[in-house]
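Asker: A single structure is presented below for examination.
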Amino acid sequence: MIYNEYKDIRIAAIASAVPKDAFDIAAMADDPNEDPKYIKSFIRKTGITQKRIAAADQTASDFSFAAAKILEDNGKYKPEEIGILINLTQNPDYRTPSTACLLHDRLGLSKSCMAFDVNLGCSGFVYGVSIGAGMLAASSADKALIVMGDTQARGRKETGERSSNTRLLFGDASSAVLLEKSKGSCIRSGLMTDGTGLKAITSPYGAWRHPEGPELIPGDDIAVFNFTINEVPELVREYAEKTGKSADSYDAVVLHQANMMVLKNIAKRLGVEFEKCPVSIDRYGNTSSASVPLTISDKYGEDKDGKELSLLTSGFGIGLSWGVLDFTINTDDIYPVLATDITFDDGFTDQ
Amino acid sequence: MTEQEKIALIEETLDLDEGTLTADTVLDDVDEYDSMAKLSLIVMMDDEFGKKLTGDVIKGFKTVGDILAEME
């Protein structure tokens with residue numbers, strides 16, 4: 001484990017945005033093109049009854065933009081204060097340039113700002129906050145904006161052939177996290193990578209080594225499941241030894257919303273009551289890089305009681321890449337999930 | 001645990017009615033034996049028998065009897 005401590009940095013706010021309309025998976029059981037028995041079994045095992053799918057003209061950056069604007073509109077930052085913009089996504093708008101440059105323009109940020117993308121999935125939140133906090137600590141800037149989001153659901157066909165798990169599993173969403181310098185605050189993380197797991201989850205086609213090929217290829221569900229239920233609890237235990245703070249001593253343990261079986265299994269292996277692990281997968285599906293902050297927005301977004309929360313979070317998935325991150329945040333600084341049909345006309349047209 | 005109890009546990013794990021499976025049942029003939037079911041099998045085997053099933057072991061399962069052989 002690479003252990004990190006980012007002193008005098010805090011998470012100042014979190015906001016999340018999702019597509020406007022809910023897609024009802026439970027209703028698919030009545031679709032003559034679907035296998036109702038399979039749909040019911042899928043729901044029982046994954047816990048997913050609904051999810052959000054981006055419209056054909058919406059990309060992850062639209063939701064990232066919407067989430068960031070919530071923070072600006074609520075006075076959490078002024079555009080000229082942001083010195084670092086990091087966008088974590090597997091679904092960029094373009095092959096080049098990075099989506100962060102597009103968001104830099106849309107958000108009206110100053111030229112005195114570094115902006116770049118990071119290609120990570122379900123570990124995106126813990127990695128993104130770690131990267132941002134580390135850079136902010138060494139920077140002349142006072143605030144950093146970290147956005148993360150994916151549209152893993154949008155590209156998948158939702159009717160027709162017999163259902164496959166990944167077709168139903170993913171939902172679209174983005175989140176925005178504002179980091180700022182704050183004397184006495186501290187964010188900590190523990191990060192891991194296992195590149196030998198590359199083939200367990202991958203989209204190898206359409207880039208430069210294999211330009212032609214299908215957008216999606218089947219992953220190794222069993223390898224990913226075994227990786228998750230073994231490696232994540234082990235990392236959390238190692239992290240607890242390092243920090244001296246056990247998982248059950250936090251107000252909540254916010255896990256990447258992989259599926260309900262994974263959530264329950266990790267909680268059990270950590271000895272944490274499942275009630276302490278907030279759930280958003282039931283209504284939003286597996287939302288990849290945004291799932292941890294989306295779950296925080298969903299759980300605490302309406303709580304304006306000024307409570308200081310101590311949260312342990314963990315993200316894990318494609319890479320294989322995984323990590324834990326702990327921090328405190330005031331419930332007043334967490335905004336409820338916004339459902340939006342926002343899109344962006346960049347002047348290009350499909351060819 | 002008797003063999004019948006173990007078969008009942010597999011049936012419960014795969015969402016099947018009691019009495020659906022025998023030790024000779026070929027797994028390829030069981031519609032419910034899909035990738036989600038295999039994950040459930042991993043959880044059941046760990047919870048009940050403290051055994052970690054790898055992908056290779058699961059790929060080797062051809063009949064219910066092969067699963068029973070691991071349930072010790």
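Identifiers for the structure tokens are assigned positionally: chains receive A, B, ... in sequence, residues are indexed from 1 per chain, and ligands are indexed from 1 in the order shown.
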Just want the 12 Å neighbourhood of Asn230 of chain A, counted on only C-alpha atoms, with same-chain residues fewer than 3 positions away dropped. Output as a list of chain:residue names.

Answerer: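 Neighbouring residues, sequence-local ones excluded: A:Ala223, A:Val224, A:Phe225, A:Asn226, A:Phe227, A:Pro233, A:Glu234, A:Leu235, A:Val236, A:Arg237, A:Val262, A:Asn265, A:Ile266, A:Ala267, A:Lys268, A:Arg269, A:Leu270, A:Phe316, A:Trp322, B:Ile42, B:Val43, B:Asp46, B:Lys52, B:Leu53, B:Thr54.
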
Asker: Could you write out as a VMD selection string the residues of chain B within 12 Å of chain A, counting only C-alpha atoms?

Answerer: chain B and resid 13 to 16 31 to 44 46 to 47 51 to 59

Asker: Return as a VMD selection string the full set of residues in segment 149-263 of chain A whose backbone-based DSSP assignment is strand (DSSP E or B).

Answerer: chain A and resid 149 to 150 170 173 to 193 252 to 255

Asker: Applying 9 Å and only C-alpha atoms, which residues near Asp248 of chain A remain after dropping the ones on its own chain fewer than 3 positions away? List them as a PyMOL selection string.

Answerer: chain A and resi 245+251-253+270-273+276

Asker: Might you pull out every residue within 12 Å of Asp332 of chain A, with only C-alpha atoms counted and same-chain residues fewer than 5 positions away left off, and present them as a list of chain:residue names?

Answerer: A:Ala12, A:Ala13, A:Ile14, A:Ala15, A:Leu71, A:Asn74, A:Lys76, A:Ser297, A:Tyr300, A:Gly301, A:Glu302, A:Asp303, A:Lys304, A:Asp305, A:Gly306, A:Lys307, A:Glu308, A:Leu309

Asker: Could you turn the residues from that selection into a file that holds N, CA and C atoms, as a PDB file, in the first residue's frame?

Answerer:
ATOM      1  N   ALA A  12     -13.946  20.501   0.724  1.00  0.00           N
ATOM      2  CA  ALA A  12     -14.800  21.622   1.106  1.00  0.00           C
ATOM      3  C   ALA A  12     -16.239  21.457   0.634  1.00  0.00           C
ATOM      4  N   ALA A  13     -16.458  20.612  -0.371  1.00  0.00           N
ATOM      5  CA  ALA A  13     -17.830  20.409  -0.851  1.00  0.00           C
ATOM      6  C   ALA A  13     -17.874  19.242  -1.833  1.00  0.00           C
ATOM      7  N   ILE A  14     -19.040  18.606  -1.914  1.00  0.00           N
ATOM      8  CA  ILE A  14     -19.289  17.524  -2.869  1.00  0.00           C
ATOM      9  C   ILE A  14     -20.667  17.735  -3.500  1.00  0.00           C
ATOM     10  N   ALA A  15     -20.741  17.569  -4.829  1.00  0.00           N
ATOM     11  CA  ALA A  15     -22.037  17.619  -5.526  1.00  0.00           C
ATOM     12  C   ALA A  15     -22.041  16.539  -6.604  1.00  0.00           C
ATOM     13  N   LEU A  71     -21.579  23.691  -7.133  1.00  0.00           N
ATOM     14  CA  LEU A  71     -20.642  24.227  -6.135  1.00  0.00           C
ATOM     15  C   LEU A  71     -20.389  25.709  -6.362  1.00  0.00           C
ATOM     16  N   ASN A  74     -23.473  27.798  -5.428  1.00  0.00           N
ATOM     17  CA  ASN A  74     -23.676  27.904  -3.979  1.00  0.00           C
ATOM     18  C   ASN A  74     -22.531  28.635  -3.283  1.00  0.00           C
ATOM     19  N   LYS A  76     -19.318  28.157  -3.311  1.00  0.00           N
ATOM     20  CA  LYS A  76     -18.191  27.404  -2.758  1.00  0.00           C
ATOM     21  C   LYS A  76     -16.866  27.795  -3.405  1.00  0.00           C
ATOM     22  N   SER A 297     -23.586  12.116  -1.751  1.00  0.00           N
ATOM     23  CA  SER A 297     -24.612  13.121  -2.075  1.00  0.00           C
ATOM     24  C   SER A 297     -26.008  12.578  -1.789  1.00  0.00           C
ATOM     25  N   TYR A 300     -26.409  12.123   2.266  1.00  0.00           N
ATOM     26  CA  TYR A 300     -26.330  13.277   3.169  1.00  0.00           C
ATOM     27  C   TYR A 300     -26.744  14.607   2.536  1.00  0.00           C
ATOM     28  N   GLY A 301     -27.082  14.582   1.238  1.00  0.00           N
ATOM     29  CA  GLY A 301     -27.341  15.835   0.522  1.00  0.00           C
ATOM     30  C   GLY A 301     -28.453  16.689   1.100  1.00  0.00           C
ATOM     31  N   GLU A 302     -29.430  16.052   1.737  1.00  0.00           N
ATOM     32  CA  GLU A 302     -30.558  16.814   2.303  1.00  0.00           C
ATOM     33  C   GLU A 302     -30.315  17.169   3.771  1.00  0.00           C
ATOM     34  N   ASP A 303     -29.244  16.640   4.361  1.00  0.00           N
ATOM     35  CA  ASP A 303     -28.993  16.865   5.802  1.00  0.00           C
ATOM     36  C   ASP A 303     -28.276  18.189   6.017  1.00  0.00           C
ATOM     37  N   LYS A 304     -29.007  19.213   6.292  1.00  0.00           N
ATOM     38  CA  LYS A 304     -28.356  20.506   6.534  1.00  0.00           C
ATOM     39  C   LYS A 304     -28.328  20.772   8.041  1.00  0.00           C
ATOM     40  N   ASP A 305     -27.687  19.856   8.776  1.00  0.00           N
ATOM     41  CA  ASP A 305     -27.665  19.968  10.235  1.00  0.00           C
ATOM     42  C   ASP A 305     -26.285  20.318  10.778  1.00  0.00           C
ATOM     43  N   GLY A 306     -25.367  20.626   9.870  1.00  0.00           N
ATOM     44  CA  GLY A 306     -24.039  21.069  10.306  1.00  0.00           C
ATOM     45  C   GLY A 306     -23.224  19.994  10.991  1.00  0.00           C
ATOM     46  N   LYS A 307     -23.560  18.763  10.765  1.00  0.00           N
ATOM     47  CA  LYS A 307     -22.821  17.677  11.430  1.00  0.00           C
ATOM     48  C   LYS A 307     -21.493  17.405  10.725  1.00  0.00           C
ATOM     49  N   GLU A 308     -20.460  17.246  11.515  1.00  0.00           N
ATOM     50  CA  GLU A 308     -19.144  16.923  10.971  1.00  0.00           C
ATOM     51  C   GLU A 308     -19.042  15.398  10.857  1.00  0.00           C
ATOM     52  N   LEU A 309     -18.946  14.916   9.625  1.00  0.00           N
ATOM     53  CA  LEU A 309     -18.920  13.475   9.398  1.00  0.00           C
ATOM     54  C   LEU A 309     -17.494  12.986   9.223  1.00  0.00           C
TER      55      LEU A 309
END

Asker: Name the residues in contact with Ala23 of chain B at a cut-off of 6 Å, using only C-alpha atoms, excluding same-chain residues fewer than 2 positions from it; report them as an MDAnalysis selection string.

Answerer: chainID B and resid 25 64:65

Asker: I need the residues in chain B that are alpha helix (DSSP H) according to DSSP; give them as number ranges by chain.

Answerer: B: 3-13, 35-49, 55-59, 64-70

Asker: Could you dump the residues just selected with C-alpha atoms as a PDB file, in the first residue's frame?

Answerer:
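After the write, selection-v8.pdb holds the following:
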ATOM      1  CA  GLU B   3     -25.232 -34.797   0.393  1.00  0.00           C
ATOM      2  CA  GLN B   4     -28.931 -33.985   0.202  1.00  0.00           C
ATOM      3  CA  GLU B   5     -28.430 -30.923   2.422  1.00  0.00           C
ATOM      4  CA  LYS B   6     -25.534 -29.821   0.242  1.00  0.00           C
ATOM      5  CA  ILE B   7     -27.649 -30.181  -2.904  1.00  0.00           C
ATOM      6  CA  ALA B   8     -30.392 -28.149  -1.213  1.00  0.00           C
ATOM      7  CA  LEU B   9     -27.827 -25.452  -0.455  1.00  0.00           C
ATOM      8  CA  ILE B  10     -26.724 -25.377  -4.117  1.00  0.00           C
ATOM      9  CA  GLU B  11     -30.377 -25.145  -5.180  1.00  0.00           C
ATOM     10  CA  GLU B  12     -30.928 -22.246  -2.804  1.00  0.00           C
ATOM     11  CA  THR B  13     -27.764 -20.525  -4.074  1.00  0.00           C
ATOM     12  CA  SER B  35     -22.243 -15.632 -14.160  1.00  0.00           C
ATOM     13  CA  MET B  36     -24.215 -14.064 -11.279  1.00  0.00           C
ATOM     14  CA  ALA B  37     -24.968 -17.549  -9.953  1.00  0.00           C
ATOM     15  CA  LYS B  38     -21.270 -18.340  -9.998  1.00  0.00           C
ATOM     16  CA  LEU B  39     -20.613 -15.285  -7.825  1.00  0.00           C
ATOM     17  CA  SER B  40     -23.292 -16.503  -5.414  1.00  0.00           C
ATOM     18  CA  LEU B  41     -21.546 -19.856  -5.366  1.00  0.00           C
ATOM     19  CA  ILE B  42     -18.260 -18.160  -4.409  1.00  0.00           C
ATOM     20  CA  VAL B  43     -19.993 -16.404  -1.490  1.00  0.00           C
ATOM     21  CA  MET B  44     -21.785 -19.576  -0.343  1.00  0.00           C
ATOM     22  CA  MET B  45     -18.628 -21.673  -0.484  1.00  0.00           C
ATOM     23  CA  ASP B  46     -16.708 -19.087   1.515  1.00  0.00           C
ATOM     24  CA  ASP B  47     -19.476 -18.546   4.078  1.00  0.00           C
ATOM     25  CA  GLU B  48     -20.353 -22.192   4.634  1.00  0.00           C
ATOM     26  CA  PHE B  49     -17.085 -24.022   4.010  1.00  0.00           C
ATOM     27  CA  GLY B  55     -12.149 -19.009 -11.761  1.00  0.00           C
ATOM     28  CA  ASP B  56     -10.211 -22.109 -12.810  1.00  0.00           C
ATOM     29  CA  VAL B  57     -11.938 -24.286 -10.207  1.00  0.00           C
ATOM     30  CA  ILE B  58     -15.355 -22.957 -11.284  1.00  0.00           C
ATOM     31  CA  LYS B  59     -14.522 -23.569 -14.956  1.00  0.00           C
ATOM     32  CA  VAL B  64     -23.457 -30.735  -9.555  1.00  0.00           C
ATOM     33  CA  GLY B  65     -21.284 -33.593  -8.268  1.00  0.00           C
ATOM     34  CA  ASP B  66     -18.164 -31.531  -9.056  1.00  0.00           C
ATOM     35  CA  ILE B  67     -19.478 -28.757  -6.788  1.00  0.00           C
ATOM     36  CA  LEU B  68     -20.360 -31.295  -4.082  1.00  0.00           C
ATOM     37  CA  ALA B  69     -16.776 -32.546  -4.145  1.00  0.00           C
ATOM     38  CA  GLU B  70     -15.597 -29.055  -3.145  1.00  0.00           C
TER      39      GLU B  70
END

Asker: Skipping near chain neighbours, those fewer than 6 positions away, what residues fall within 7 Å of Ile82 of chain A using only C-alpha atoms, listed as a PyMOL selection string?

Answerer: chain A and resi 109+113+143-145

Asker: Between A:Glu241, A:Thr49, A:Lys20, A:Ser175, single out the one closest to Gly124 of chain A, counting only C-alpha atoms.

Answerer: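 The shortest atom-to-atom distance to Gly124 of chain A comes from A:Ser175.
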
Asker: Skip Met1 of chain A itself and residues of its chain fewer than 2 positions away, then list as a list in words all residues within 9 Å of it, counting only C-alpha atoms.

Answerer: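 Near Met1 of chain A, the qualifying residues are Tyr3, Gly190, Leu191, Met192, Thr193, Leu235, Glu238, Tyr239 and Gly323 of chain A.
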
Asker: Using only C-alpha atoms, pick whichever of A:Asn91, A:Asn4, A:Ser110, A:Ser140 has the shortest atom-to-atom distance to Phe63 of chain A.

Answerer: A:Asn91
